[in-house]
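K.L.:
What follows is run-v7.cif, made up of mmCIF, C-alpha atoms:
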data_work
loop_
_atom_site.label_atom_id
_atom_site.label_comp_id
_atom_site.auth_asym_id
_atom_site.auth_seq_id
_atom_site.Cartn_x
_atom_site.Cartn_y
_atom_site.Cartn_z
CA MET A 1 61.14 -63.94 12.10
CA LYS A 2 62.91 -64.12 8.76
CA ILE A 3 60.83 -65.42 5.90
CA ALA A 4 62.54 -67.81 3.54
CA ILE A 5 62.34 -66.97 -0.19
CA ASP A 6 62.67 -69.55 -2.90
CA PRO A 7 66.14 -69.01 -4.48
CA LEU A 8 64.66 -69.16 -8.00
CA ILE A 9 62.11 -66.44 -7.21
CA ASP A 10 64.77 -64.33 -5.49
CA ASP A 11 67.02 -64.62 -8.55
CA ALA A 12 64.17 -63.62 -10.90
CA ILE A 13 63.41 -60.53 -8.79
CA ARG A 14 67.09 -59.56 -8.75
CA ARG A 15 67.48 -59.93 -12.50
CA THR A 16 64.33 -57.95 -13.37
CA ARG A 17 64.81 -55.15 -10.84
CA VAL A 18 65.00 -51.78 -12.67
CA SER A 19 68.24 -49.95 -11.99
CA GLU A 20 68.42 -46.32 -10.97
CA PRO A 21 68.21 -43.75 -13.78
CA THR A 22 71.57 -43.13 -15.45
CA SER A 23 72.59 -40.30 -17.77
CA CYS A 24 75.39 -41.84 -19.85
CA GLY A 25 75.53 -44.98 -21.98
CA ARG A 26 76.76 -46.46 -25.22
CA LEU A 27 75.25 -46.92 -28.66
CA ILE A 28 75.16 -50.58 -29.62
CA ARG A 29 73.39 -50.60 -32.97
CA MET A 30 71.17 -48.77 -35.46
CA VAL A 31 68.06 -50.46 -36.87
CA GLY A 32 66.17 -48.55 -39.53
CA LEU A 33 65.31 -45.12 -38.12
CA THR A 34 66.15 -45.96 -34.52
CA LEU A 35 69.32 -46.04 -32.46
CA GLU A 36 69.65 -48.62 -29.69
CA ALA A 37 71.63 -47.68 -26.58
CA ARG A 38 72.47 -49.38 -23.32
CA GLY A 39 73.59 -47.99 -20.02
CA ILE A 40 71.04 -45.15 -19.83
CA ARG A 41 67.65 -45.03 -18.18
CA ALA A 42 65.45 -42.23 -19.47
CA PRO A 43 61.68 -41.79 -19.98
CA VAL A 44 60.02 -41.62 -23.38
CA GLY A 45 60.37 -38.08 -24.70
CA ALA A 46 63.75 -37.44 -23.04
CA LEU A 47 66.30 -35.45 -25.04
CA CYS A 48 69.68 -37.12 -25.58
CA SER A 49 72.98 -36.35 -27.28
CA VAL A 50 74.79 -39.02 -29.32
CA GLU A 51 78.50 -38.27 -29.77
CA GLY A 52 80.74 -40.22 -32.15
CA ALA A 53 84.48 -40.75 -31.87
CA GLY A 54 85.31 -38.31 -34.68
CA GLY A 55 83.44 -35.38 -33.14
CA ALA A 56 80.14 -36.12 -34.89
CA ARG A 57 77.12 -35.26 -32.74
CA VAL A 58 73.37 -35.52 -33.16
CA GLU A 59 70.48 -34.96 -30.81
CA ALA A 60 67.87 -37.68 -30.42
CA GLU A 61 64.68 -38.37 -28.53
CA VAL A 62 63.79 -41.48 -26.56
CA VAL A 63 60.89 -43.14 -28.36
CA GLY A 64 60.77 -46.48 -26.55
CA PHE A 65 62.66 -49.13 -24.66
CA ASN A 66 63.11 -52.86 -24.86
CA ASP A 67 64.34 -54.81 -21.85
CA THR A 68 67.68 -53.15 -21.02
CA ALA A 69 67.94 -51.21 -24.31
CA THR A 70 66.70 -47.67 -24.90
CA LEU A 71 65.42 -46.77 -28.37
CA LEU A 72 66.18 -43.30 -29.71
CA MET A 73 65.29 -41.49 -32.92
CA PRO A 74 67.75 -38.82 -34.12
CA PHE A 75 66.67 -35.34 -35.21
CA ASP A 76 69.22 -35.29 -38.05
CA GLU A 77 71.01 -37.79 -40.26
CA PRO A 78 73.36 -39.73 -37.90
CA ALA A 79 76.40 -39.38 -40.17
CA GLY A 80 79.64 -40.26 -38.39
CA ILE A 81 77.85 -42.06 -35.57
CA GLY A 82 78.93 -45.67 -35.06
CA PRO A 83 78.85 -48.48 -32.49
CA GLY A 84 80.15 -47.42 -29.09
CA ALA A 85 79.15 -43.77 -29.52
CA THR A 86 78.49 -42.02 -26.22
CA VAL A 87 74.84 -41.36 -25.38
CA ARG A 88 74.07 -38.70 -22.80
CA VAL A 89 70.71 -37.65 -21.38
CA LEU A 90 70.41 -33.86 -21.77
CA SER A 91 66.93 -33.49 -20.30
CA ALA A 92 64.37 -36.00 -19.05
CA ALA A 93 61.54 -33.51 -19.66
CA PRO A 94 62.53 -30.95 -22.34
CA LYS A 95 60.81 -27.56 -22.29
CA VAL A 96 60.40 -24.83 -24.89
CA GLN A 97 60.25 -21.05 -24.42
CA VAL A 98 56.92 -19.60 -25.56
CA GLY A 99 55.51 -16.08 -25.47
CA MET A 100 54.22 -13.11 -27.43
CA GLY A 101 57.76 -12.49 -28.70
CA LEU A 102 57.19 -15.37 -31.13
CA LEU A 103 54.67 -13.36 -33.19
CA GLY A 104 56.04 -12.78 -36.68
CA ARG A 105 58.61 -15.56 -36.26
CA ILE A 106 59.26 -18.86 -38.02
CA ILE A 107 60.62 -21.68 -35.84
CA ASP A 108 61.15 -25.43 -36.02
CA GLY A 109 59.83 -28.17 -33.73
CA ARG A 110 62.48 -27.41 -31.10
CA GLY A 111 61.73 -23.69 -31.05
CA VAL A 112 64.91 -22.88 -33.00
CA PRO A 113 64.48 -19.87 -35.36
CA LEU A 114 64.39 -20.65 -39.08
CA ASP A 115 64.16 -17.01 -40.19
CA GLY A 116 67.77 -16.12 -39.41
CA LYS A 117 66.85 -13.88 -36.48
CA PRO A 118 67.95 -14.27 -32.85
CA ALA A 119 65.86 -16.49 -30.59
CA ALA A 120 62.80 -14.68 -29.26
CA ALA A 121 62.47 -14.02 -25.54
CA GLY A 122 59.83 -16.26 -23.97
CA ASP A 123 57.31 -15.64 -21.21
CA ALA A 124 57.51 -19.20 -19.90
CA ALA A 125 59.27 -22.54 -20.43
CA LEU A 126 56.68 -25.28 -20.91
CA GLY A 127 56.61 -28.97 -21.77
CA LEU A 128 55.39 -29.89 -25.25
CA LYS A 129 52.50 -32.06 -24.07
CA GLY A 130 50.68 -29.16 -22.40
CA GLU A 131 48.13 -29.52 -19.62
CA ALA A 132 44.84 -31.34 -20.09
CA ILE A 133 41.70 -29.37 -19.24
CA ASN A 134 38.80 -30.90 -17.34
CA PRO A 135 35.96 -30.87 -19.91
CA LEU A 136 33.58 -29.52 -17.25
CA GLU A 137 35.83 -26.48 -16.82
CA ARG A 138 35.71 -25.52 -20.49
CA GLY A 139 33.52 -22.61 -21.54
CA PRO A 140 30.83 -23.02 -24.22
CA ILE A 141 31.15 -22.12 -27.90
CA LYS A 142 28.80 -19.15 -28.19
CA ASP A 143 30.43 -16.48 -30.39
CA VAL A 144 30.66 -16.32 -34.17
CA LEU A 145 34.20 -16.18 -35.57
CA ASP A 146 34.46 -13.83 -38.55
CA THR A 147 36.82 -15.50 -41.07
CA GLY A 148 36.44 -13.00 -43.91
CA VAL A 149 35.50 -15.87 -46.29
CA LYS A 150 31.90 -15.55 -47.52
CA ALA A 151 31.12 -19.23 -47.93
CA ILE A 152 32.38 -20.06 -44.43
CA ASN A 153 30.91 -17.00 -42.72
CA THR A 154 27.40 -17.64 -44.01
CA VAL A 155 26.77 -21.30 -44.79
CA LEU A 156 29.44 -22.92 -42.60
CA THR A 157 29.62 -20.39 -39.78
CA LEU A 158 32.43 -21.14 -37.32
CA GLY A 159 32.27 -20.54 -33.59
CA ARG A 160 35.13 -19.20 -31.52
CA GLY A 161 36.74 -22.33 -30.07
CA GLN A 162 35.48 -24.75 -32.72
CA ARG A 163 37.69 -27.50 -34.23
CA ILE A 164 37.07 -28.10 -37.92
CA GLY A 165 38.68 -30.15 -40.68
CA LEU A 166 39.63 -28.87 -44.12
CA MET A 167 39.38 -31.99 -46.28
CA ALA A 168 41.16 -31.70 -49.60
CA GLY A 169 43.10 -33.55 -52.25
CA SER A 170 46.24 -32.11 -53.78
CA GLY A 171 46.10 -29.02 -55.97
CA VAL A 172 42.60 -27.77 -55.10
CA GLY A 173 43.53 -24.45 -53.45
CA LYS A 174 44.02 -25.57 -49.86
CA SER A 175 47.04 -23.35 -49.19
CA VAL A 176 45.36 -20.30 -50.70
CA LEU A 177 42.31 -20.78 -48.46
CA LEU A 178 44.55 -21.20 -45.42
CA GLY A 179 46.29 -17.95 -46.33
CA MET A 180 42.93 -16.17 -46.54
CA LEU A 181 41.90 -17.50 -43.14
CA THR A 182 45.20 -16.36 -41.66
CA ARG A 183 44.96 -12.81 -43.02
CA TYR A 184 41.26 -12.14 -42.59
CA THR A 185 40.10 -14.06 -39.51
CA LYS A 186 39.41 -11.76 -36.57
CA ALA A 187 41.72 -13.35 -34.02
CA ASP A 188 44.27 -11.92 -31.60
CA ALA A 189 46.96 -14.34 -32.75
CA VAL A 190 47.43 -17.03 -35.39
CA VAL A 191 49.57 -20.14 -34.94
CA ILE A 192 50.41 -22.13 -38.08
CA GLY A 193 51.91 -25.61 -38.04
CA LEU A 194 53.35 -26.62 -41.43
CA ILE A 195 53.96 -30.31 -40.87
CA GLY A 196 55.46 -32.61 -43.50
CA GLU A 197 55.08 -30.23 -46.43
CA ARG A 198 57.69 -29.85 -49.16
CA GLY A 199 60.29 -27.18 -48.38
CA ARG A 200 59.29 -25.24 -51.49
CA GLU A 201 55.66 -25.17 -50.35
CA VAL A 202 56.65 -23.92 -46.90
CA ASN A 203 58.52 -21.00 -48.46
CA GLU A 204 55.70 -20.24 -50.90
CA PHE A 205 53.04 -20.33 -48.20
CA ILE A 206 54.96 -17.91 -45.99
CA HIS A 207 55.81 -15.41 -48.72
CA GLU A 208 52.82 -15.68 -51.05
CA SER A 209 49.76 -17.10 -49.28
CA LEU A 210 50.58 -15.61 -45.86
CA GLY A 211 52.40 -12.44 -46.83
CA PRO A 212 53.85 -9.76 -44.53
CA GLU A 213 50.41 -8.81 -43.22
CA GLY A 214 49.55 -12.36 -42.19
CA LEU A 215 53.00 -13.15 -40.81
CA ALA A 216 53.00 -10.09 -38.52
CA LYS A 217 50.28 -11.60 -36.31
CA SER A 218 51.34 -15.23 -36.72
CA VAL A 219 53.72 -17.80 -35.32
CA VAL A 220 54.83 -20.34 -37.93
CA VAL A 221 56.13 -23.72 -36.75
CA ALA A 222 57.63 -25.51 -39.75
CA ALA A 223 58.85 -29.09 -40.05
CA PRO A 224 59.12 -30.01 -43.75
CA ALA A 225 59.03 -33.53 -45.14
CA ASN A 226 62.80 -33.99 -45.14
CA VAL A 227 63.22 -33.73 -41.36
CA SER A 228 63.00 -36.58 -38.87
CA PRO A 229 59.48 -37.85 -38.04
CA VAL A 230 60.12 -37.14 -34.37
CA LEU A 231 60.81 -33.48 -35.25
CA ARG A 232 57.60 -33.32 -37.30
CA LEU A 233 55.66 -34.62 -34.32
CA LYS A 234 57.39 -32.16 -31.99
CA ALA A 235 56.41 -29.33 -34.37
CA ALA A 236 52.73 -30.33 -34.16
CA ASN A 237 52.92 -30.40 -30.36
CA LEU A 238 54.78 -27.08 -30.24
CA ALA A 239 52.16 -25.37 -32.42
CA HIS A 240 49.47 -26.52 -29.98
CA LEU A 241 51.58 -25.45 -27.00
CA VAL A 242 52.05 -21.91 -28.35
CA ALA A 243 48.32 -21.67 -29.07
CA GLU A 244 47.51 -22.92 -25.55
CA HIS A 245 49.83 -20.31 -24.02
CA PHE A 246 48.11 -17.49 -25.91
CA ARG A 247 44.68 -18.90 -25.02
CA ASP A 248 45.52 -19.06 -21.31
CA GLN A 249 46.33 -15.35 -21.51
CA GLY A 250 42.73 -14.73 -22.55
CA LYS A 251 43.36 -14.34 -26.28
CA SER A 252 41.33 -15.57 -29.21
CA VAL A 253 43.70 -17.83 -31.19
CA LEU A 254 43.38 -19.30 -34.67
CA LEU A 255 45.38 -22.54 -34.99
CA LEU A 256 46.05 -23.94 -38.46
CA ILE A 257 47.68 -27.37 -38.79
CA ASP A 258 48.69 -28.35 -42.32
CA SER A 259 48.35 -31.21 -42.25
CA LEU A 260 46.86 -33.65 -39.75
CA THR A 261 47.56 -36.44 -42.23
CA ARG A 262 51.31 -35.70 -42.18
CA VAL A 263 51.22 -35.75 -38.38
CA ALA A 264 49.69 -39.22 -38.61
CA HIS A 265 52.40 -40.24 -41.09
CA ALA A 266 55.12 -39.09 -38.67
CA GLN A 267 53.61 -41.12 -35.84
CA ARG A 268 53.25 -44.10 -38.18
CA GLU A 269 56.98 -43.94 -38.99
CA ILE A 270 57.86 -43.79 -35.30
CA GLY A 271 55.42 -46.52 -34.30
CA LEU A 272 56.56 -48.95 -36.97
CA ALA A 273 60.22 -48.21 -36.20
CA VAL A 274 59.81 -49.24 -32.55
CA GLY A 275 57.90 -52.40 -33.44
CA GLU A 276 54.20 -51.51 -33.26
CA PRO A 277 51.97 -53.78 -35.36
CA PRO A 278 50.42 -52.12 -38.44
CA THR A 279 46.62 -52.02 -38.60
CA ALA A 280 44.35 -50.10 -41.00
CA LYS A 281 46.33 -48.90 -44.04
CA GLY A 282 49.58 -49.57 -42.20
CA TYR A 283 48.83 -47.20 -39.32
CA PRO A 284 49.80 -48.55 -35.87
CA PRO A 285 47.41 -48.15 -32.90
CA SER A 286 49.36 -45.18 -31.51
CA VAL A 287 48.19 -43.04 -34.46
CA PHE A 288 44.54 -43.50 -33.54
CA ALA A 289 45.35 -42.60 -29.93
CA LEU A 290 47.43 -39.54 -30.86
CA LEU A 291 45.04 -37.67 -33.15
CA PRO A 292 42.05 -37.28 -30.76
CA THR A 293 44.46 -36.30 -27.96
CA LEU A 294 46.02 -33.62 -30.16
CA ILE A 295 42.65 -32.28 -31.32
CA GLU A 296 41.32 -32.06 -27.76
CA ARG A 297 44.10 -29.61 -26.90
CA ALA A 298 42.27 -27.00 -28.99
CA GLY A 299 38.90 -25.47 -28.13
CA VAL A 300 37.56 -23.06 -25.54
CA GLY A 301 39.73 -22.69 -22.45
CA ARG A 302 38.73 -22.63 -18.82
CA HIS A 303 35.90 -20.25 -17.91
CA GLY A 304 37.10 -16.68 -18.28
CA LYS A 305 40.03 -17.63 -20.50
CA GLY A 306 40.45 -17.42 -24.28
CA ALA A 307 39.75 -19.95 -27.02
CA ILE A 308 41.61 -21.81 -29.76
CA THR A 309 39.70 -22.14 -33.03
CA ALA A 310 41.51 -24.91 -34.89
CA VAL A 311 41.53 -25.76 -38.59
CA TYR A 312 43.17 -29.11 -39.42
CA THR A 313 43.78 -29.94 -43.04
CA VAL A 314 43.28 -33.60 -43.92
CA LEU A 315 44.65 -34.90 -47.21
CA MET A 316 42.34 -37.09 -49.26
CA GLU A 317 44.94 -39.29 -50.91
CA ASN A 318 43.75 -40.16 -54.43
CA ASP A 319 40.54 -38.31 -53.43
CA ASP A 320 39.62 -41.38 -51.36
CA PRO A 321 36.85 -40.48 -48.87
CA SER A 322 37.33 -43.75 -46.93
CA ASP A 323 40.85 -42.99 -45.67
CA PRO A 324 41.10 -43.98 -41.96
CA ILE A 325 42.62 -40.60 -41.01
CA LEU A 326 39.67 -38.89 -42.69
CA ASP A 327 37.28 -41.07 -40.67
CA ILE A 328 38.93 -40.37 -37.31
CA ALA A 329 39.09 -36.64 -38.12
CA ARG A 330 35.36 -36.57 -38.87
CA ALA A 331 34.63 -38.34 -35.59
CA SER A 332 36.85 -36.03 -33.51
CA LEU A 333 36.16 -32.62 -35.07
CA ASP A 334 33.20 -30.23 -34.91
CA GLY A 335 32.61 -30.24 -38.64
CA GLN A 336 34.42 -30.24 -41.96
CA VAL A 337 34.91 -28.09 -45.04
CA MET A 338 35.28 -30.22 -48.17
CA LEU A 339 37.20 -28.88 -51.15
CA SER A 340 36.07 -30.19 -54.54
CA ARG A 341 38.43 -31.03 -57.39
CA SER A 342 35.67 -30.50 -59.95
CA LEU A 343 35.08 -26.96 -58.67
CA ALA A 344 38.82 -26.26 -58.70
CA ASP A 345 39.06 -27.58 -62.27
CA ALA A 346 36.31 -25.09 -63.20
CA ALA A 347 38.37 -22.23 -61.64
CA HIS A 348 35.80 -21.87 -58.84
CA TYR A 349 37.78 -20.66 -55.81
CA PRO A 350 37.62 -21.27 -52.95
CA ALA A 351 36.54 -24.71 -54.14
CA ILE A 352 34.24 -25.38 -51.17
CA ASP A 353 31.79 -28.22 -51.77
CA LEU A 354 28.71 -27.43 -49.68
CA THR A 355 27.30 -30.90 -50.26
CA GLY A 356 29.87 -32.58 -48.02
CA SER A 357 30.59 -29.68 -45.66
CA ILE A 358 29.02 -28.95 -42.28
CA SER A 359 29.57 -26.83 -39.17
CA ARG A 360 28.16 -28.72 -36.19
CA VAL A 361 27.95 -25.67 -33.90
CA MET A 362 26.40 -23.25 -36.39
CA GLN A 363 22.82 -23.72 -35.22
CA SER A 364 23.84 -22.78 -31.67
CA ILE A 365 25.62 -19.52 -32.48
CA VAL A 366 23.67 -17.81 -35.28
CA SER A 367 20.20 -16.25 -35.25
CA PRO A 368 17.18 -18.28 -36.44
CA ASP A 369 16.85 -16.03 -39.50
CA ALA A 370 20.51 -16.51 -40.44
CA LEU A 371 20.19 -20.27 -40.04
CA LYS A 372 17.04 -20.32 -42.16
CA SER A 373 18.73 -18.36 -44.96
CA ALA A 374 21.80 -20.59 -44.88
CA ASN A 375 19.73 -23.78 -45.00
CA ARG A 376 17.68 -22.40 -47.89
CA PHE A 377 20.85 -21.60 -49.83
CA ARG A 378 22.30 -25.05 -49.15
CA ARG A 379 19.05 -26.71 -50.22
CA LEU A 380 18.95 -24.91 -53.58
CA TRP A 381 22.66 -25.47 -54.22
CA SER A 382 22.45 -29.19 -53.41
CA LEU A 383 19.28 -29.62 -55.47
CA PHE A 384 21.02 -28.26 -58.55
CA GLN A 385 24.09 -30.46 -57.92
CA GLN A 386 21.95 -33.58 -57.59
CA ASN A 387 20.24 -32.92 -60.92
CA ARG A 388 23.15 -31.36 -62.78
CA ASP A 389 23.65 -34.26 -65.20
CA LEU A 390 19.97 -34.20 -66.20
CA ILE A 391 20.00 -30.44 -66.66
CA GLU A 392 23.19 -30.36 -68.74
CA ALA A 393 22.00 -33.28 -70.89
CA GLY A 394 18.73 -31.46 -71.61
CA ALA A 395 16.70 -34.26 -70.02
CA TYR A 396 15.04 -31.99 -67.46
CA HIS A 397 11.93 -30.10 -68.55
CA ALA A 398 11.20 -26.75 -66.94
CA GLY A 399 8.09 -26.77 -64.77
CA SER A 400 8.52 -30.36 -63.59
CA ASN A 401 9.87 -29.23 -60.22
CA PRO A 402 9.28 -25.59 -59.17
CA GLU A 403 12.02 -25.70 -56.55
CA LEU A 404 14.54 -27.04 -59.06
CA ASP A 405 13.45 -24.34 -61.50
CA LEU A 406 14.28 -21.78 -58.82
CA ALA A 407 17.66 -23.43 -58.18
CA ILE A 408 18.44 -23.24 -61.90
CA ALA A 409 17.45 -19.59 -62.06
CA LEU A 410 19.54 -18.68 -59.02
CA ARG A 411 22.52 -20.82 -60.00
CA PRO A 412 24.64 -17.99 -61.52
CA ALA A 413 24.01 -15.75 -58.50
CA MET A 414 24.80 -18.55 -56.01
CA GLU A 415 27.99 -19.45 -57.85
CA GLY A 416 29.06 -15.81 -57.95
CA PHE A 417 28.40 -15.48 -54.24
CA LEU A 418 30.53 -18.51 -53.34
CA ARG A 419 33.49 -17.34 -55.43
CA GLN A 420 35.94 -14.98 -53.75
CA ASP A 421 39.27 -13.51 -54.76
CA MET A 422 42.17 -14.42 -52.47
CA HIS A 423 42.88 -10.71 -51.86
CA GLU A 424 39.27 -9.92 -50.91
CA SER A 425 37.84 -10.01 -47.39
CA VAL A 426 34.11 -9.92 -46.64
CA GLU A 427 32.98 -9.40 -43.04
CA TYR A 428 30.31 -11.59 -41.49
CA ARG A 429 27.55 -8.97 -41.53
CA ASP A 430 28.17 -8.00 -45.17
CA ALA A 431 28.37 -11.66 -46.21
CA MET A 432 24.98 -12.41 -44.61
CA ALA A 433 23.46 -9.39 -46.37
CA ASN A 434 24.83 -10.67 -49.70
CA LEU A 435 23.45 -14.15 -49.01
CA ASN A 436 19.99 -12.77 -48.24
CA SER A 437 20.01 -10.75 -51.45
CA VAL A 438 20.88 -13.86 -53.49
CA ILE A 439 17.99 -15.91 -52.12
CA ALA A 440 15.50 -13.01 -52.00
CA GLY A 441 13.73 -14.52 -54.97
CA ALA A 442 13.45 -17.87 -53.25
CA ALA A 443 10.95 -16.72 -50.61
#
I need this file expressed as structure tokens, please.
P.N.:
Amino acid sequence: MKIAIDPLIDDAIRRTRVSEPTSCGRLIRMVGLTLEARGIRAPVGALCSVEGAGGARVEAEVVGFNDTATLLMPFDEPAGIGPGATVRVLSAAPKVQVGMGLLGRIIDGRGVPLDGKPAAAGDAALGLKGEAINPLERGPIKDVLDTGVKAINTVLTLGRGQRIGLMAGSGVGKSVLLGMLTRYTKADAVVIGLIGERGREVNEFIHESLGPEGLAKSVVVAAPANVSPVLRLKAANLAHLVAEHFRDQGKSVLLLIDSLTRVAHAQREIGLAVGEPPTAKGYPPSVFALLPTLIERAGVGRHGKGAITAVYTVLMENDDPSDPILDIARASLDGQVMLSRSLADAAHYPAIDLTGSISRVMQSIVSPDALKSANRFRRLWSLFQQNRDLIEAGAYHAGSNPELDLAIALRPAMEGFLRQDMHESVEYRDAMANLNSVIAGAA
């Protein structure tokens, strides 16, 4: 028996039925950072080519859709592209070649070499989003990671597979510290994502902070501030993908992302361009969904596999500790290293502020004696910092607080211990011995 359907309902179903995917359409308009095309059906993340009448051509990525229109964001300036330009879908699920051949190379967010050398041979072609790991399949963080930096090795000890934030304002020695971590950390491979930095800073970091020694064991994925936000976001995903590939081969990987804040800015530009509502400090909801997802890609791999130890720099704009990106980073990471402007102004490098820094896995990976020494050092350092104004003003009288007297006496030795030249590396065992010698008089 045939069932009768109300003509109005039948017409609504017919008009809203999604057509089959198509690979060729036309550009109808450009609004802000986005191109609007009709005639194509492609998923978010698909790679497209936009070809103008005069031979102009740019690649773009699908970032959203609206009714029958597909929204794209170009990788380059769409000069020469006008209404009616042909839009073709190149790949619904783009993949990038990754492998050990990338070591020592500098590439962009698409995997294209930036160092003038031929494209490196890859071991596998993988999608940028990677593969999520069941949290119950991850191994534990149980091994100390030797970074070669005394302050981190002893008082903020990192575990292999830990995710930590490097919170800093501008001009406090962040890039120098990243360079030290790259050169001196005992890892099989280092992956560096330079996201949203000035082109000059990218060049300086590679040639000065990183150097030939650091670059030889590193993969640098660079997307400076002048490139499209979608390319900056692709660079962040590609850096994680390369690190995941090395980890799945059983390697210990150090992943440095500079910076997580610029990744958030790129997603904010994309989100606002496709019509997301702004929330805290102008960030759309997609930013607060992206960052934890990105961070969770790092960490210890499946049992028997390697681990990604990740360091994410977070910019404290105007040294504001209440920035929403700073808050979400603190909630998602396994600790933070705070860099102090006052220490940097006093030529104290690395300018690590122990008062606001913490490693949340340290107590699980170091010996009880090492933890006791570190806590004692932190206590004396913080006690001096809390009473510094009184001491420098001459308002504190010796003998009023025996522990503070000890902190004052040990202050020069503690400050000397925390300082470290950028060309100096101190192994974990030697750093702990130095720490114990500094606080020997505090027993």
K.L.:
Expand the PyMOL selection byres ((chain A and resi 232-242) around 9) into the individual residues it matches in the shown file, reporting them as an MDAnalysis selection string.
P.N.:
chainID A and resid 96 98:99 102 107:111 126:130 191:196 219:225 227:231 243:247 255:257 260 262:264 266:267 294 297:298
K.L.:
Could you please take those selected residues and save C-alpha atoms as an mmCIF file, keeping the file's coordinate frame?
P.N.:
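The resulting selection-v3.cif:
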data_model
loop_
_atom_site.group_PDB
_atom_site.id
_atom_site.type_symbol
_atom_site.label_atom_id
_atom_site.label_comp_id
_atom_site.auth_asym_id
_atom_site.auth_seq_id
_atom_site.Cartn_x
_atom_site.Cartn_y
_atom_site.Cartn_z
ATOM 1 C CA VAL A 96 60.400 -24.830 -24.890
ATOM 2 C CA VAL A 98 56.920 -19.600 -25.560
ATOM 3 C CA GLY A 99 55.510 -16.080 -25.470
ATOM 4 C CA LEU A 102 57.190 -15.370 -31.130
ATOM 5 C CA ILE A 107 60.620 -21.680 -35.840
ATOM 6 C CA ASP A 108 61.150 -25.430 -36.020
ATOM 7 C CA GLY A 109 59.830 -28.170 -33.730
ATOM 8 C CA ARG A 110 62.480 -27.410 -31.100
ATOM 9 C CA GLY A 111 61.730 -23.690 -31.050
ATOM 10 C CA LEU A 126 56.680 -25.280 -20.910
ATOM 11 C CA GLY A 127 56.610 -28.970 -21.770
ATOM 12 C CA LEU A 128 55.390 -29.890 -25.250
ATOM 13 C CA LYS A 129 52.500 -32.060 -24.070
ATOM 14 C CA GLY A 130 50.680 -29.160 -22.400
ATOM 15 C CA VAL A 191 49.570 -20.140 -34.940
ATOM 16 C CA ILE A 192 50.410 -22.130 -38.080
ATOM 17 C CA GLY A 193 51.910 -25.610 -38.040
ATOM 18 C CA LEU A 194 53.350 -26.620 -41.430
ATOM 19 C CA ILE A 195 53.960 -30.310 -40.870
ATOM 20 C CA GLY A 196 55.460 -32.610 -43.500
ATOM 21 C CA VAL A 219 53.720 -17.800 -35.320
ATOM 22 C CA VAL A 220 54.830 -20.340 -37.930
ATOM 23 C CA VAL A 221 56.130 -23.720 -36.750
ATOM 24 C CA ALA A 222 57.630 -25.510 -39.750
ATOM 25 C CA ALA A 223 58.850 -29.090 -40.050
ATOM 26 C CA PRO A 224 59.120 -30.010 -43.750
ATOM 27 C CA ALA A 225 59.030 -33.530 -45.140
ATOM 28 C CA VAL A 227 63.220 -33.730 -41.360
ATOM 29 C CA SER A 228 63.000 -36.580 -38.870
ATOM 30 C CA PRO A 229 59.480 -37.850 -38.040
ATOM 31 C CA VAL A 230 60.120 -37.140 -34.370
ATOM 32 C CA LEU A 231 60.810 -33.480 -35.250
ATOM 33 C CA ALA A 243 48.320 -21.670 -29.070
ATOM 34 C CA GLU A 244 47.510 -22.920 -25.550
ATOM 35 C CA HIS A 245 49.830 -20.310 -24.020
ATOM 36 C CA PHE A 246 48.110 -17.490 -25.910
ATOM 37 C CA ARG A 247 44.680 -18.900 -25.020
ATOM 38 C CA LEU A 255 45.380 -22.540 -34.990
ATOM 39 C CA LEU A 256 46.050 -23.940 -38.460
ATOM 40 C CA ILE A 257 47.680 -27.370 -38.790
ATOM 41 C CA LEU A 260 46.860 -33.650 -39.750
ATOM 42 C CA ARG A 262 51.310 -35.700 -42.180
ATOM 43 C CA VAL A 263 51.220 -35.750 -38.380
ATOM 44 C CA ALA A 264 49.690 -39.220 -38.610
ATOM 45 C CA ALA A 266 55.120 -39.090 -38.670
ATOM 46 C CA GLN A 267 53.610 -41.120 -35.840
ATOM 47 C CA LEU A 294 46.020 -33.620 -30.160
ATOM 48 C CA ARG A 297 44.100 -29.610 -26.900
ATOM 49 C CA ALA A 298 42.270 -27.000 -28.990
#
K.L.:
Between A:Ala407, A:Ile391, A:Ile141, A:Cys24, which has the minimum distance to A:Ala307 (counting only C-alpha atoms)?
P.N.:
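Under the stated criterion, the closest residue is A:Ile141.
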K.L.:
Identify, on the basis of only C-alpha atoms, every residue whose closest approach to A:Gly116 does not exceed 10 Å; exclude the query and any residue fewer than 4 positions from it along the same chain; express the result as a list of chain:residue names.
P.N.:
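The neighbour list is A:Arg105, A:Ile106, A:Ile107, A:Val112.
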K.L.:
For C-alpha atoms, I'd like the residues from the last selection saved as a PDB file, keeping the file's coordinate frame.
P.N.:
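In the end it all went to again-v3.pdb:
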ATOM      1  CA  ARG A 105      58.610 -15.560 -36.260  1.00  0.00           C
ATOM      2  CA  ILE A 106      59.260 -18.860 -38.020  1.00  0.00           C
ATOM      3  CA  ILE A 107      60.620 -21.680 -35.840  1.00  0.00           C
ATOM      4  CA  VAL A 112      64.910 -22.880 -33.000  1.00  0.00           C
TER       5      VAL A 112
END
K.L.:
List, as an NGL selection string, every residue that the PyMOL selection byres ((chain A and resi 82) around 10) selects in the file provided.
P.N.:
:A and (27-30 or 35 or 50-54 or 56 or 78-81 or 83-86)
K.L.:
Here is a test: counting only C-alpha atoms, which residue of A:Gly45, A:Pro278, A:Gly165, A:Pro402 is nearest to A:Ser359?
P.N.:
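For A:Ser359, the nearest of the candidates is A:Gly165.
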K.L.:
Between A:Ser357, A:Ser209, A:Asn153, A:Gln162, which one has atoms that come closest to A:Ser175, using all atoms listed in the file?
P.N.:
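Of all the options, A:Ser209 lies closest to A:Ser175.
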